[in-house]
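Here is the file run.cif (mmCIF, C-alpha atoms).
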```cif
data_work
#
loop_
_atom_site.group_PDB
_atom_site.id
_atom_site.type_symbol
_atom_site.label_atom_id
_atom_site.label_comp_id
_atom_site.auth_asym_id
_atom_site.auth_seq_id
_atom_site.Cartn_x
_atom_site.Cartn_y
_atom_site.Cartn_z
ATOM 1 C CA MET A 1 -116.183 31.301 -59.724
ATOM 2 C CA SER A 2 -115.959 33.737 -62.630
ATOM 3 C CA SER A 3 -119.738 33.792 -63.130
ATOM 4 C CA VAL A 4 -120.165 35.109 -59.576
ATOM 5 C CA HIS A 5 -117.619 37.869 -60.136
ATOM 6 C CA ALA A 6 -119.247 38.813 -63.450
ATOM 7 C CA GLU A 7 -122.683 39.200 -61.890
ATOM 8 C CA GLU A 8 -123.782 42.757 -61.121
ATOM 9 C CA PHE A 9 -125.750 43.038 -57.890
ATOM 10 C CA THR A 10 -128.255 45.756 -57.001
ATOM 11 C CA GLY A 11 -130.340 46.747 -53.981
ATOM 12 C CA ARG A 12 -129.719 44.875 -50.729
ATOM 13 C CA LEU A 13 -127.522 42.271 -52.390
ATOM 14 C CA LYS A 14 -125.109 45.021 -53.490
ATOM 15 C CA LYS A 15 -125.272 46.667 -50.052
ATOM 16 C CA ILE A 16 -124.506 43.367 -48.316
ATOM 17 C CA LYS A 17 -121.706 42.470 -50.769
ATOM 18 C CA ASP A 18 -120.090 45.911 -50.394
ATOM 19 C CA SER A 19 -120.299 45.909 -46.583
ATOM 20 C CA GLY A 20 -119.787 42.192 -45.972
ATOM 21 C CA THR A 21 -122.590 42.467 -43.410
ATOM 22 C CA LEU A 22 -126.178 41.162 -43.272
ATOM 23 C CA THR A 23 -128.291 43.013 -40.698
ATOM 24 C CA LEU A 24 -131.132 41.073 -39.065
ATOM 25 C CA GLY A 25 -133.956 42.640 -37.066
ATOM 26 C CA VAL A 26 -134.561 40.554 -33.913
ATOM 27 C CA ARG A 27 -136.967 40.647 -30.980
ATOM 28 C CA ASP A 28 -136.480 40.497 -27.215
ATOM 29 C CA SER A 29 -139.578 38.492 -26.226
ATOM 30 C CA SER A 30 -141.246 36.769 -29.217
ATOM 31 C CA ILE A 31 -140.728 33.249 -27.843
ATOM 32 C CA PRO A 32 -140.021 30.877 -29.597
ATOM 33 C CA PHE A 33 -139.554 32.859 -32.823
ATOM 34 C CA SER A 34 -137.051 35.550 -31.883
ATOM 35 C CA TYR A 35 -135.982 36.341 -28.337
ATOM 36 C CA LEU A 36 -133.188 36.888 -25.836
ATOM 37 C CA ASP A 37 -132.265 33.827 -23.799
ATOM 38 C CA ASP A 38 -130.770 33.788 -20.292
ATOM 39 C CA LYS A 39 -127.276 34.277 -21.771
ATOM 40 C CA GLN A 40 -128.440 37.463 -23.547
ATOM 41 C CA SER A 41 -128.149 35.718 -26.901
ATOM 42 C CA TYR A 42 -130.776 36.124 -29.644
ATOM 43 C CA GLN A 43 -132.265 32.897 -30.901
ATOM 44 C CA GLY A 44 -135.474 31.253 -32.080
ATOM 45 C CA TYR A 45 -137.315 29.559 -34.937
ATOM 46 C CA SER A 46 -137.369 32.661 -37.176
ATOM 47 C CA ILE A 47 -133.707 33.399 -36.466
ATOM 48 C CA ASP A 48 -132.762 29.841 -37.475
ATOM 49 C CA LEU A 49 -134.619 30.349 -40.770
ATOM 50 C CA CYS A 50 -132.937 33.737 -41.260
ATOM 51 C CA LEU A 51 -129.539 32.096 -40.778
ATOM 52 C CA LYS A 52 -130.419 29.570 -43.509
ATOM 53 C CA ALA A 53 -131.209 32.530 -45.767
ATOM 54 C CA ALA A 54 -127.916 34.168 -44.721
ATOM 55 C CA THR A 55 -125.968 31.106 -45.911
ATOM 56 C CA ALA A 56 -127.716 31.310 -49.289
ATOM 57 C CA ILE A 57 -127.023 35.066 -49.537
ATOM 58 C CA GLN A 58 -123.346 34.519 -48.790
ATOM 59 C CA LYS A 59 -123.166 31.808 -51.472
ATOM 60 C CA LYS A 60 -125.019 33.961 -54.011
ATOM 61 C CA LEU A 61 -122.608 36.858 -53.429
ATOM 62 C CA GLY A 62 -119.526 34.625 -53.537
ATOM 63 C CA LEU A 63 -118.321 35.873 -50.146
ATOM 64 C CA THR A 64 -115.847 33.775 -48.149
ATOM 65 C CA SER A 65 -117.399 35.143 -44.952
ATOM 66 C CA LEU A 66 -120.475 37.150 -43.973
ATOM 67 C CA ASN A 67 -120.817 39.207 -40.820
ATOM 68 C CA ILE A 68 -124.256 38.783 -39.197
ATOM 69 C CA LYS A 69 -125.340 41.860 -37.245
ATOM 70 C CA MET A 70 -128.429 41.569 -35.030
ATOM 71 C CA VAL A 71 -130.382 44.751 -34.322
ATOM 72 C CA PRO A 72 -133.177 44.712 -31.702
ATOM 73 C CA VAL A 73 -136.548 45.813 -33.129
ATOM 74 C CA THR A 74 -140.095 46.070 -31.784
ATOM 75 C CA SER A 75 -143.474 45.531 -33.452
ATOM 76 C CA ALA A 76 -143.600 49.298 -34.038
ATOM 77 C CA THR A 77 -140.047 49.751 -35.425
ATOM 78 C CA ARG A 78 -139.452 46.582 -37.466
ATOM 79 C CA ILE A 79 -141.191 47.813 -40.662
ATOM 80 C CA PRO A 80 -139.656 51.341 -40.697
ATOM 81 C CA LEU A 81 -136.180 49.859 -40.118
ATOM 82 C CA ILE A 82 -136.544 47.537 -43.127
ATOM 83 C CA ALA A 83 -137.977 50.376 -45.238
ATOM 84 C CA ASN A 84 -135.152 52.809 -44.418
ATOM 85 C CA GLY A 85 -132.386 50.238 -44.971
ATOM 86 C CA THR A 86 -131.241 49.839 -41.349
ATOM 87 C CA THR A 87 -132.119 46.126 -41.343
ATOM 88 C CA ASP A 88 -132.160 43.709 -44.301
ATOM 89 C CA ILE A 89 -134.472 40.980 -42.961
ATOM 90 C CA SER A 90 -136.724 41.121 -39.898
ATOM 91 C CA CYS A 91 -136.641 37.717 -38.223
ATOM 92 C CA ASP A 92 -139.595 37.558 -35.862
ATOM 93 C CA SER A 93 -143.304 36.783 -35.711
ATOM 94 C CA ALA A 94 -144.788 39.190 -38.255
ATOM 95 C CA THR A 95 -148.224 38.796 -39.791
ATOM 96 C CA ASN A 96 -148.194 39.042 -43.580
ATOM 97 C CA ASN A 97 -151.144 41.239 -44.535
ATOM 98 C CA GLN A 98 -152.123 43.350 -47.540
ATOM 99 C CA GLU A 99 -151.626 46.716 -45.862
ATOM 100 C CA ARG A 100 -148.014 45.987 -44.906
ATOM 101 C CA TRP A 101 -147.090 45.239 -48.538
ATOM 102 C CA ASN A 102 -147.455 48.997 -49.156
ATOM 103 C CA GLN A 103 -144.217 49.476 -47.179
ATOM 104 C CA VAL A 104 -142.375 46.132 -47.219
ATOM 105 C CA ALA A 105 -142.457 42.628 -48.701
ATOM 106 C CA PHE A 106 -142.670 39.223 -47.037
ATOM 107 C CA SER A 107 -140.897 35.944 -47.593
ATOM 108 C CA VAL A 108 -142.799 32.737 -48.234
ATOM 109 C CA THR A 109 -144.839 31.937 -45.122
ATOM 110 C CA GLU A 110 -142.894 30.431 -42.200
ATOM 111 C CA PHE A 111 -145.766 29.807 -39.752
ATOM 112 C CA VAL A 112 -149.559 30.022 -39.501
ATOM 113 C CA THR A 113 -151.189 31.237 -36.295
ATOM 114 C CA ALA A 114 -154.516 32.548 -34.978
ATOM 115 C CA ASN A 115 -155.345 35.836 -33.240
ATOM 116 C CA LYS A 116 -156.753 34.934 -29.794
ATOM 117 C CA PHE A 117 -156.652 36.326 -26.266
ATOM 118 C CA LEU A 118 -155.024 35.230 -23.014
ATOM 119 C CA SER A 119 -156.584 35.816 -19.610
ATOM 120 C CA LYS A 120 -156.466 34.414 -16.091
ATOM 121 C CA LYS A 121 -158.589 31.279 -15.718
ATOM 122 C CA SER A 122 -160.162 32.807 -12.607
ATOM 123 C CA ALA A 123 -161.669 35.592 -14.742
ATOM 124 C CA ASN A 124 -163.653 33.022 -16.787
ATOM 125 C CA LEU A 125 -163.350 34.907 -20.095
ATOM 126 C CA LYS A 126 -164.091 32.615 -23.041
ATOM 127 C CA THR A 127 -165.269 34.702 -25.997
ATOM 128 C CA LEU A 128 -164.831 38.185 -27.396
ATOM 129 C CA ASP A 129 -168.228 39.169 -25.987
ATOM 130 C CA ASP A 130 -166.944 38.322 -22.490
ATOM 131 C CA LEU A 131 -164.454 41.203 -22.860
ATOM 132 C CA LYS A 132 -167.247 43.796 -23.035
ATOM 133 C CA GLY A 133 -166.341 46.812 -20.898
ATOM 134 C CA LYS A 134 -163.013 45.281 -19.854
ATOM 135 C CA THR A 135 -159.470 46.657 -20.115
ATOM 136 C CA VAL A 136 -157.647 44.764 -22.866
ATOM 137 C CA VAL A 137 -154.027 45.051 -23.982
ATOM 138 C CA SER A 138 -152.197 44.263 -27.210
ATOM 139 C CA THR A 139 -148.733 45.142 -28.503
ATOM 140 C CA SER A 140 -148.060 48.439 -30.241
ATOM 141 C CA GLY A 141 -147.526 48.172 -34.000
ATOM 142 C CA THR A 142 -149.213 44.765 -34.409
ATOM 143 C CA SER A 143 -152.094 43.710 -36.648
ATOM 144 C CA ASN A 144 -153.689 42.266 -33.478
ATOM 145 C CA LEU A 145 -153.998 45.731 -31.893
ATOM 146 C CA LYS A 146 -155.532 47.093 -35.086
ATOM 147 C CA GLN A 147 -158.003 44.211 -35.315
ATOM 148 C CA ILE A 148 -159.180 44.335 -31.695
ATOM 149 C CA THR A 149 -159.654 48.108 -32.015
ATOM 150 C CA ALA A 150 -161.806 47.583 -35.129
ATOM 151 C CA LEU A 151 -163.840 44.775 -33.514
ATOM 152 C CA ASN A 152 -164.359 46.936 -30.407
ATOM 153 C CA ALA A 153 -165.986 49.643 -32.546
ATOM 154 C CA GLU A 154 -167.807 47.248 -34.872
ATOM 155 C CA ARG A 155 -169.436 45.309 -32.040
ATOM 156 C CA ASN A 156 -169.783 48.205 -29.606
ATOM 157 C CA LEU A 157 -167.948 46.313 -26.867
ATOM 158 C CA GLY A 158 -166.804 49.375 -24.901
ATOM 159 C CA MET A 159 -163.392 47.869 -24.165
ATOM 160 C CA ASN A 160 -160.570 50.055 -22.870
ATOM 161 C CA ILE A 161 -157.723 49.070 -25.206
ATOM 162 C CA LEU A 162 -154.123 49.659 -24.127
ATOM 163 C CA ALA A 163 -150.963 49.401 -26.266
ATOM 164 C CA ALA A 164 -147.886 47.815 -24.643
ATOM 165 C CA LYS A 165 -144.367 48.375 -25.977
ATOM 166 C CA ASP A 166 -143.699 44.634 -26.336
ATOM 167 C CA HIS A 167 -145.221 41.204 -25.653
ATOM 168 C CA ALA A 168 -143.518 40.859 -22.267
ATOM 169 C CA GLU A 169 -145.007 44.143 -21.025
ATOM 170 C CA ALA A 170 -148.471 43.179 -22.303
ATOM 171 C CA PHE A 171 -148.336 39.832 -20.512
ATOM 172 C CA LEU A 172 -147.175 41.549 -17.317
ATOM 173 C CA MET A 173 -150.271 43.769 -17.456
ATOM 174 C CA VAL A 174 -152.514 40.681 -17.325
ATOM 175 C CA GLU A 175 -150.297 39.066 -14.692
ATOM 176 C CA THR A 176 -150.570 42.126 -12.423
ATOM 177 C CA GLY A 177 -154.281 42.753 -13.073
ATOM 178 C CA ARG A 178 -153.878 45.982 -15.034
ATOM 179 C CA ALA A 179 -155.588 44.297 -18.006
ATOM 180 C CA ALA A 180 -158.141 41.487 -18.143
ATOM 181 C CA ALA A 181 -156.883 40.045 -21.420
ATOM 182 C CA PHE A 182 -153.969 40.196 -23.864
ATOM 183 C CA VAL A 183 -154.898 39.903 -27.559
ATOM 184 C CA MET A 184 -152.111 38.347 -29.633
ATOM 185 C CA ASP A 185 -151.174 35.358 -31.810
ATOM 186 C CA ASP A 186 -152.018 32.133 -30.007
ATOM 187 C CA ILE A 187 -148.541 30.628 -30.251
ATOM 188 C CA LEU A 188 -146.971 33.697 -28.617
ATOM 189 C CA LEU A 189 -149.601 33.694 -25.858
ATOM 190 C CA SER A 190 -149.007 29.993 -25.173
ATOM 191 C CA SER A 191 -145.251 30.611 -25.042
ATOM 192 C CA LEU A 192 -145.533 33.531 -22.631
ATOM 193 C CA ALA A 193 -147.859 31.578 -20.331
ATOM 194 C CA ALA A 194 -145.626 28.468 -20.421
ATOM 195 C CA ASN A 195 -142.619 30.555 -19.389
ATOM 196 C CA SER A 196 -144.444 32.527 -16.663
ATOM 197 C CA LYS A 197 -144.257 32.086 -12.879
ATOM 198 C CA ALA A 198 -147.607 30.269 -12.774
ATOM 199 C CA PRO A 199 -148.454 28.722 -16.177
ATOM 200 C CA ALA A 200 -151.567 26.968 -14.825
ATOM 201 C CA ASP A 201 -153.163 30.345 -13.957
ATOM 202 C CA TYR A 202 -153.723 31.303 -17.613
ATOM 203 C CA GLN A 203 -155.839 30.212 -20.544
ATOM 204 C CA VAL A 204 -155.902 31.093 -24.231
ATOM 205 C CA SER A 205 -159.334 31.570 -25.803
ATOM 206 C CA SER A 206 -160.619 28.834 -28.088
ATOM 207 C CA GLU A 207 -162.372 31.488 -30.182
ATOM 208 C CA ALA A 208 -160.097 32.766 -32.946
ATOM 209 C CA LEU A 209 -160.537 36.361 -34.096
ATOM 210 C CA SER A 210 -158.609 35.577 -37.308
ATOM 211 C CA VAL A 211 -156.004 33.205 -38.718
ATOM 212 C CA GLU A 212 -152.692 34.779 -39.745
ATOM 213 C CA PRO A 213 -149.655 33.777 -41.835
ATOM 214 C CA TYR A 214 -146.179 34.820 -40.613
ATOM 215 C CA GLY A 215 -143.344 35.750 -42.931
ATOM 216 C CA LEU A 216 -139.864 37.232 -42.656
ATOM 217 C CA ILE A 217 -140.081 40.957 -43.463
ATOM 218 C CA LEU A 218 -138.084 41.981 -46.550
ATOM 219 C CA PRO A 219 -137.468 45.235 -48.455
ATOM 220 C CA LYS A 220 -140.265 46.282 -50.820
ATOM 221 C CA GLY A 221 -139.585 45.921 -54.529
ATOM 222 C CA ASP A 222 -136.209 44.168 -54.208
ATOM 223 C CA ASN A 223 -137.136 41.053 -56.180
ATOM 224 C CA ASP A 224 -133.578 39.719 -56.537
ATOM 225 C CA PHE A 225 -133.021 39.784 -52.774
ATOM 226 C CA LYS A 226 -136.456 38.284 -52.075
ATOM 227 C CA LYS A 227 -135.818 35.465 -54.555
ATOM 228 C CA VAL A 228 -132.600 34.423 -52.762
ATOM 229 C CA VAL A 229 -134.437 34.365 -49.392
ATOM 230 C CA ASP A 230 -137.524 32.585 -50.742
ATOM 231 C CA ASP A 231 -135.456 29.987 -52.616
ATOM 232 C CA ALA A 232 -133.393 29.312 -49.477
ATOM 233 C CA LEU A 233 -136.521 28.817 -47.345
ATOM 234 C CA THR A 234 -138.129 26.616 -50.003
ATOM 235 C CA VAL A 235 -135.079 24.316 -49.944
ATOM 236 C CA VAL A 236 -135.398 24.116 -46.135
ATOM 237 C CA TYR A 237 -139.149 23.384 -46.410
ATOM 238 C CA LYS A 238 -138.750 20.659 -49.022
ATOM 239 C CA GLY A 239 -136.092 18.716 -47.090
ATOM 240 C CA ASP A 240 -135.749 17.420 -43.538
ATOM 241 C CA ASP A 241 -134.321 20.676 -42.158
ATOM 242 C CA ILE A 242 -137.717 22.214 -41.422
ATOM 243 C CA LYS A 243 -138.808 19.182 -39.372
ATOM 244 C CA LYS A 244 -135.659 19.463 -37.248
ATOM 245 C CA ILE A 245 -135.965 23.234 -36.811
ATOM 246 C CA TYR A 246 -139.678 22.969 -35.954
ATOM 247 C CA ALA A 247 -139.096 20.143 -33.454
ATOM 248 C CA LYS A 248 -136.256 22.115 -31.829
ATOM 249 C CA TRP A 249 -138.481 25.120 -31.024
ATOM 250 C CA PHE A 250 -142.003 23.748 -30.671
ATOM 251 C CA GLN A 251 -141.577 20.169 -29.444
ATOM 252 C CA SER A 252 -138.413 20.244 -27.295
ATOM 253 C CA PRO A 253 -137.344 22.039 -24.100
ATOM 254 C CA ILE A 254 -136.189 25.557 -25.025
ATOM 255 C CA PRO A 255 -134.201 28.242 -23.203
ATOM 256 C CA PRO A 256 -134.381 30.015 -20.856
ATOM 257 C CA LYS A 257 -136.440 27.698 -18.607
ATOM 258 C CA GLY A 258 -136.339 24.415 -20.513
ATOM 259 C CA VAL A 259 -140.093 24.570 -21.163
ATOM 260 C CA ASN A 260 -141.453 22.356 -23.961
ATOM 261 C CA LEU A 261 -144.281 24.195 -25.757
ATOM 262 C CA ASN A 262 -145.386 20.839 -27.209
ATOM 263 C CA VAL A 263 -147.169 22.363 -30.229
ATOM 264 C CA PRO A 264 -147.558 19.878 -33.094
ATOM 265 C CA MET A 265 -147.255 21.203 -36.641
ATOM 266 C CA SER A 266 -150.701 22.334 -37.788
ATOM 267 C CA PRO A 267 -152.300 21.054 -41.020
ATOM 268 C CA GLN A 268 -152.260 24.665 -42.283
ATOM 269 C CA LEU A 269 -148.496 24.930 -41.793
ATOM 270 C CA GLN A 270 -147.901 21.508 -43.326
ATOM 271 C CA THR A 271 -149.865 22.634 -46.392
ATOM 272 C CA VAL A 272 -147.899 25.848 -46.843
ATOM 273 C CA LEU A 273 -144.533 24.131 -46.313
ATOM 274 C CA ALA A 274 -145.423 21.601 -49.035
ATOM 275 C CA LYS A 275 -146.493 24.415 -51.382
ATOM 276 C CA PRO A 276 -144.721 27.626 -50.284
ATOM 277 C CA THR A 277 -146.521 30.930 -50.841
ATOM 278 C CA ASP A 278 -146.031 34.539 -49.766
ATOM 279 C CA SER A 279 -149.764 35.247 -50.104
ATOM 280 C CA TYR A 280 -151.662 37.337 -47.557
ATOM 281 C CA ASP A 281 -154.960 36.131 -49.088
ATOM 282 C CA PRO A 282 -157.007 34.071 -46.608
ATOM 283 C CA ALA A 283 -157.928 31.675 -49.427
ATOM 284 C CA ALA A 284 -154.307 30.494 -49.547
ATOM 285 C CA TYR A 285 -154.594 29.059 -46.008
ATOM 286 C CA ALA A 286 -156.963 26.132 -45.648
ATOM 287 C CA VAL A 287 -158.734 27.020 -42.387
ATOM 288 C CA VAL A 288 -158.935 30.752 -42.974
ATOM 289 C CA PRO A 289 -162.043 30.998 -45.182
ATOM 290 C CA GLU A 290 -164.135 29.343 -42.458
ATOM 291 C CA ALA A 291 -162.621 31.533 -39.748
ATOM 292 C CA GLN A 292 -163.125 34.680 -41.826
ATOM 293 C CA LYS A 293 -166.745 33.787 -42.523
ATOM 294 C CA ASN A 294 -167.469 33.873 -38.817
ATOM 295 C CA LEU A 295 -165.524 37.091 -38.164
ATOM 296 C CA GLY A 296 -167.691 39.759 -36.605
ATOM 297 C CA LYS A 297 -170.883 37.752 -37.116
ATOM 298 C CA LYS A 298 -171.671 36.995 -33.458
ATOM 299 C CA LYS A 299 -173.976 39.497 -31.840
#
```
Mind turning the file's structure into structure tokens?
Amino acid sequence: MSSVHAEEFTGRLKKIKDSGTLTLGVRDSSIPFSYLDDKQSYQGYSIDLCLKAATAIQKKLGLTSLNIKMVPVTSATRIPLIANGTTDISCDSATNNQERWNQVAFSVTEFVTANKFLSKKSANLKTLDDLKGKTVVSTSGTSNLKQITALNAERNLGMNILAAKDHAEAFLMVETGRAAAFVMDDILLSSLAANSKAPADYQVSSEALSVEPYGLILPKGDNDFKKVVDDALTVVYKGDDIKKIYAKWFQSPIPPKGVNLNVPMSPQLQTVLAKPTDSYDPAAYAVVPEAQKNLGKKK
């Protein structure tokens, strides 16, 4: 179409049009959002949403084909790699918070989770106060690690906090007894436990340290690129596609072990899908104000 050819693109859209390649940041062990399956293929809920965005980007640019390049990232590298132009979208399980907007942007929210901790049932750890004096692990570069470190100081819990390179390593530390608990988003903890050698050995705390929105990580200040991604996701959210994609990853057997996580769509996620937002403000997520009110209050 002539209108497509007449349009001048800037930022990532120009980069992608010139190269014919969209580069996605992907994770090795963020089940079911972004991970390597038993065939060494990257897949997951966030990757499916990224591929929907990719189709919209290709259409916007008027390209007959678009090469999708997947680059492995970690919690620590995903933001720098977006900021320096190595990756165009990070497709994983990233908490959208105010501090991160200083370096990157986020798409409209794709999921809503809670920061909790996983431990062995035999340890009988129920609340944050039960972790007093214990060795606790979280993943390097995550908001969870930052939050548990702050709560440790604020409530004088005397925890020994370790940083693992990825979620799989953190879980292994609990599995092998090197840490009493792993602090992370509840959906990721449930996924790791469900796919472990002995799922029945683990429990995820009922106490939530915070409630967190996830978004796809995008380049800061590139409003044209962000609009294409957000519009593509909004179309997915408003139709039947999101129900199919959600059911595929959260309510069906998934690779590599055919485990069904059996996680129904939360009211918070249903709300945000009906009215998409890229807000990091707790007030935008129904259950968050109550959760935030209780944060750090227990003595």
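Coordinates place atom CA of A:Phe250 at a distance of 17.6 Å from atom CA of A:Thr271.
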Residues in the PyMOL selection byres ((chain A and resi 164-171) around 8), expressed as a ChimeraX atom specification = /A:29-30,74-75,137-140,162-163,172-175,182,192
note = What separates atom CA of A:Ser90 and atom CA of A:Tyr285 is a distance of 22.4 Å
message = Running the PyMOL selection byres ((chain A and resi 259-262) around 9) on this model by hand, what would come out? Give it as a VMD selection string.
response = chain A and resid 32 187 190 to 191 194 to 195 247 249 to 258 263 to 264
Any chance you could tabulate, as CSV, the residues of stretch 193-247 of chain A at most 10 Å from stretch 78-81 of chain A with each one's nearest atom pair and distance in Å to one decimal, using only C-alpha atoms, in chain and rising number order?
```
residue,atom,partner,partner_atom,distance
A:Ile217,CA,A:Ile79,CA,7.5
A:Leu218,CA,A:Ile79,CA,8.9
A:Pro219,CA,A:Ile79,CA,9.0
```
query = Mind listing as a count of residues only all residues within 12 Å of (-156.1, 36.9, -49.9), counting all atoms listed in the file?
reply = 20
request  = Please write as a list in words the full residue list that the PyMOL selection byres ((chain A and resi 216) around 8) yields on this file.
outcome  = Ser46, Cys50, Ile89, Ser90, Cys91, Asp92, Ser93, Ala94, Phe106, Ser107, Val108, Thr109, Glu110, Tyr214, Gly215, Ile217 and Leu218 of chain A
ask   = Can you tell me, as a PyMOL selection string, what residues are no more than 10 Å from A:Asn115 when counting all atoms listed in the file, ignoring any on the same chain fewer than 2 positions away?
value = chain A and resi 113+117+143-144+147-148+183-189+205+207-212
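The coordinates place atom CA of A:Ser206 at 7.8 Å from atom CA of A:Thr127.
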